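Q: The following block contains the structure, expressed as structure tokens.
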Amino acid sequence: MYELFRNEEIIKKIKDKLPYLFQLAEIDNSRDSKLGMEIGSARERIIIALLIYKFSDKHVKTDIPITQKETDVMVFDEPISIKTVTNKKIVGVKLIWTVDAQKSMAFINQYTPGCDILLVHINWNKKGGIYLINKEIQQELFKKEGKDFYFKLPKKGTNPRGVEITNQAINKLVEHPSTKKIEIEWNRNDSIKYNPYDRWVEYWEKDENK
């Protein structure tokens, strides 16, 4: 995974293409100018496609059992959790998504960092980046500071929609000397001409030509 952050050709591709591809994903997953919940999965697929491009599908496993709640992809048999957040600052990073408060508490009580995190910070028309936070860094902070520092605990009687890592914890992780980073200028391309329905229309047209 570290090769992703050392290879100058890949770094340039990420800087040049990721904002454009994420913008296409937003067009695909918007309705009435509002982003749908599917946007997270769409961004995740774009990142996984990058990993397949770099390391080949031989070394990237995507069919992850549903029981592995944190793992989104395996690269060289190592579990990776992909996180994306859109904000001026890196805040609101979810470790898991769930609408069940009891499941949230069970997750917190059983949790030990077990995946490297590939975190994408989207900051449209400003600077953001992509970070690789290895599990050893997470384990070190988790052991040192404890659960109260690490987790934003769900409030009773509310719909938590998942378990968040606190802003203090995520900032310590991204600023750790061992965390790898590629800085990205998240410039929007206002001249994009893209219709998410076009490819499906093309498939229908191909059927007619058989």
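Just remember, in the structure tokens the first chain shown is A, the second B, etc., residues are 1-based per chain, and ligands are 1-based in the order shown.
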Env of region 59-73 of chain A: 8 Å cut, atoms = only C-alpha atoms, seq-sep filter 6 positions within chain, self excluded. Answer as a compact mmCIF listing (two decimals) with C-alpha atoms, in the first residue's frame.

A:
# COMPACT_ATOMS: atom_id res chain seq x y z
CA ILE A 48 -10.96 0.33 -5.08
CA LEU A 51 -6.07 -0.03 -6.08
CA ILE A 52 -6.88 -2.60 -8.78
CA PRO A 79 -7.61 -5.45 5.33
CA ILE A 80 -8.25 -1.85 4.33
CA SER A 81 -11.07 0.40 5.52
CA ILE A 82 -11.95 3.20 3.08
CA LEU A 95 -16.01 3.69 11.87
CA ILE A 96 -19.24 1.79 11.13
CA CYS A 115 -7.51 -2.31 9.52

Q: Would you list the contacts of Glu145 (chain A) as a list in words, taking every protein, DNA or RNA residue within 12 Å and counting only C-alpha atoms, but skipping same-chain residues closer than 4 positions in sequence?

A: Gln138, Gln139, Glu140, Leu141, Phe149, Tyr150, Phe151, Thr166, Gln168, Ala169 and Lys172 of chain A

Q: Keeping N, CA and C atoms, export the residues of the selection given above as a PDB file, in the first residue's frame.

A:
ATOM      1  N   GLN A 138      -3.167   3.476  14.900  1.00  0.00           N
ATOM      2  CA  GLN A 138      -4.489   3.488  15.533  1.00  0.00           C
ATOM      3  C   GLN A 138      -4.460   2.752  16.874  1.00  0.00           C
ATOM      4  N   GLN A 139      -3.826   1.584  16.880  1.00  0.00           N
ATOM      5  CA  GLN A 139      -3.757   0.786  18.109  1.00  0.00           C
ATOM      6  C   GLN A 139      -2.994   1.521  19.205  1.00  0.00           C
ATOM      7  N   GLU A 140      -1.931   2.198  18.810  1.00  0.00           N
ATOM      8  CA  GLU A 140      -1.111   2.960  19.762  1.00  0.00           C
ATOM      9  C   GLU A 140      -1.937   4.072  20.422  1.00  0.00           C
ATOM     10  N   LEU A 141      -2.676   4.831  19.605  1.00  0.00           N
ATOM     11  CA  LEU A 141      -3.490   5.928  20.141  1.00  0.00           C
ATOM     12  C   LEU A 141      -4.650   5.396  20.977  1.00  0.00           C
ATOM     13  N   PHE A 149     -11.799   8.973  24.707  1.00  0.00           N
ATOM     14  CA  PHE A 149     -11.113   9.903  23.816  1.00  0.00           C
ATOM     15  C   PHE A 149     -11.338   9.521  22.356  1.00  0.00           C
ATOM     16  N   TYR A 150     -11.395   8.218  22.082  1.00  0.00           N
ATOM     17  CA  TYR A 150     -11.386   7.709  20.708  1.00  0.00           C
ATOM     18  C   TYR A 150     -12.753   7.785  20.036  1.00  0.00           C
ATOM     19  N   PHE A 151     -13.813   7.484  20.783  1.00  0.00           N
ATOM     20  CA  PHE A 151     -15.153   7.401  20.201  1.00  0.00           C
ATOM     21  C   PHE A 151     -16.014   8.596  20.555  1.00  0.00           C
ATOM     22  N   THR A 166     -13.707  10.423  17.305  1.00  0.00           N
ATOM     23  CA  THR A 166     -13.745  11.838  17.681  1.00  0.00           C
ATOM     24  C   THR A 166     -12.826  12.660  16.777  1.00  0.00           C
ATOM     25  N   GLN A 168     -10.755  14.899  17.729  1.00  0.00           N
ATOM     26  CA  GLN A 168      -9.413  14.951  18.326  1.00  0.00           C
ATOM     27  C   GLN A 168      -8.602  13.717  17.935  1.00  0.00           C
ATOM     28  N   ALA A 169      -9.249  12.556  17.956  1.00  0.00           N
ATOM     29  CA  ALA A 169      -8.542  11.313  17.633  1.00  0.00           C
ATOM     30  C   ALA A 169      -8.145  11.265  16.164  1.00  0.00           C
ATOM     31  N   LYS A 172      -5.210  13.538  15.459  1.00  0.00           N
ATOM     32  CA  LYS A 172      -3.940  12.971  15.930  1.00  0.00           C
ATOM     33  C   LYS A 172      -3.432  11.898  14.967  1.00  0.00           C
TER      34      LYS A 172
END

Q: Return as CSV the residues of region 98-171 of chain A lying at most 10 Å from region 186-194 of chain A, together with the closest atom-to-atom pair for each and the distance in Å to one decimal, counting only C-alpha atoms, with rows in chain order and ascending residue number.

A:
residue,atom,partner,partner_atom,distance
A:His121,CA,A:Trp186,CA,9.5
A:Ile122,CA,A:Trp186,CA,6.8
A:Asn123,CA,A:Trp186,CA,5.9
A:Trp124,CA,A:Trp186,CA,4.8
A:Asn125,CA,A:Asn187,CA,4.5
A:Lys126,CA,A:Trp186,CA,5.6
A:Lys127,CA,A:Trp186,CA,6.0
A:Gly128,CA,A:Trp186,CA,6.7
A:Gly129,CA,A:Trp186,CA,8.6

Q: Among region 45-117 of chain A, which ones does DSSP place in alpha helix (DSSP H), written as a list in words?

A: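 Filtering region 45-117 of chain A down to alpha helix (DSSP H) leaves Arg45, Ile46, Ile47, Ile48, Ala49, Leu50, Leu51, Ile52, Tyr53, Lys54, Phe55, Ala101, Gln102, Lys103, Ser104, Met105, Ala106, Phe107, Ile108, Asn109 and Gln110 of chain A.
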
Q: Fewer than 6 positions away in the same chain doesn't count, so skip those; otherwise give me all residues within 10 Å of Asn171 (chain A), counting only C-alpha atoms, as a PyMOL selection string.

A: chain A and resi 89-91+165

Q: Excluding region 25-29 of chain A and residues on its chain fewer than 4 positions from it, collect all residues at most 6 Å away from it, counting only C-alpha atoms, and give them as a VMD selection string.

A: chain A and resid 35 to 36 39 196

Q: Considering only C-alpha atoms, can you say which of A:Val93, A:Arg43, A:Ile182, A:Ala106 comes closest to Tyr20 (chain A)?

A: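 Residue with the minimum atom-to-atom distance to Tyr20 (chain A): A:Arg43.
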
Q: My list of candidates is A:Leu118, A:Ile108, A:Ile184, A:Ile137. Which is closest to Thr84 (chain A) when distances are computed with only C-alpha atoms?

A: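 The answer is A:Leu118, which sits nearest to Thr84 (chain A).
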
Q: So what do you get for CA of Met74 (chain A) versus CA of Ile117 (chain A), distance-wise?

A: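 About the pair CA of Met74 (chain A) and CA of Ile117 (chain A): they are 11.6 Å apart.
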
Q: Give the strand (DSSP E or B) residues of region 62-179 of chain A, as DSSP finds them on the backbone, and put them as a ChimeraX atom specification.

A: /A:73-75,78-86,94-96,116-122,127-133,151-152,163-165

Q: If we count only C-alpha atoms and set the cut-off at 10 Å, which residues sit around Ser178 (chain A), ignoring sequence neighbours fewer than 3 positions away in its own chain? Please answer as a PDB file with C-alpha atoms, in the first residue's frame.

A:
ATOM      1  CA  LEU A 132      -2.956   6.085   4.768  1.00  0.00           C
ATOM      2  CA  ILE A 133      -3.250   5.509   8.522  1.00  0.00           C
ATOM      3  CA  ASN A 134      -1.821   2.126   9.468  1.00  0.00           C
ATOM      4  CA  GLU A 136      -0.381   0.179  14.422  1.00  0.00           C
ATOM      5  CA  ILE A 137      -0.808   3.967  14.736  1.00  0.00           C
ATOM      6  CA  LEU A 173      -3.975  10.046  13.495  1.00  0.00           C
ATOM      7  CA  VAL A 174      -3.655  12.120  10.306  1.00  0.00           C
ATOM      8  CA  GLU A 175      -0.928  14.278  11.869  1.00  0.00           C
ATOM      9  CA  LYS A 181      -0.440  11.786   2.694  1.00  0.00           C
TER      10      LYS A 181
END

Q: Let me make sure I understand: among A:Trp204, A:Val163, A:Phe5, A:Lys144, which one has the smallest atom-to-atom distance to Tyr111 (chain A) if we use only C-alpha atoms?

A: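 Going through A:Trp204, A:Val163, A:Phe5, A:Lys144 one by one, the smallest distance to Tyr111 (chain A) is for A:Val163.
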
Q: Select, from A:Arg45, A:Lys152, A:Arg161, A:Lys180, the residue with the minimum atom-to-atom distance to Met1 (chain A), counting only C-alpha atoms.

A: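 Checking each of A:Arg45, A:Lys152, A:Arg161, A:Lys180 against Met1 (chain A), counting only C-alpha atoms, the winner is A:Lys180.
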
Q: CA of Ile46 (chain A) and CA of Lys94 (chain A), how far apart in Å?

A: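 Computing the Euclidean distance for CA of Lys94 (chain A) and CA of Ile46 (chain A) yields 18.8 Å.
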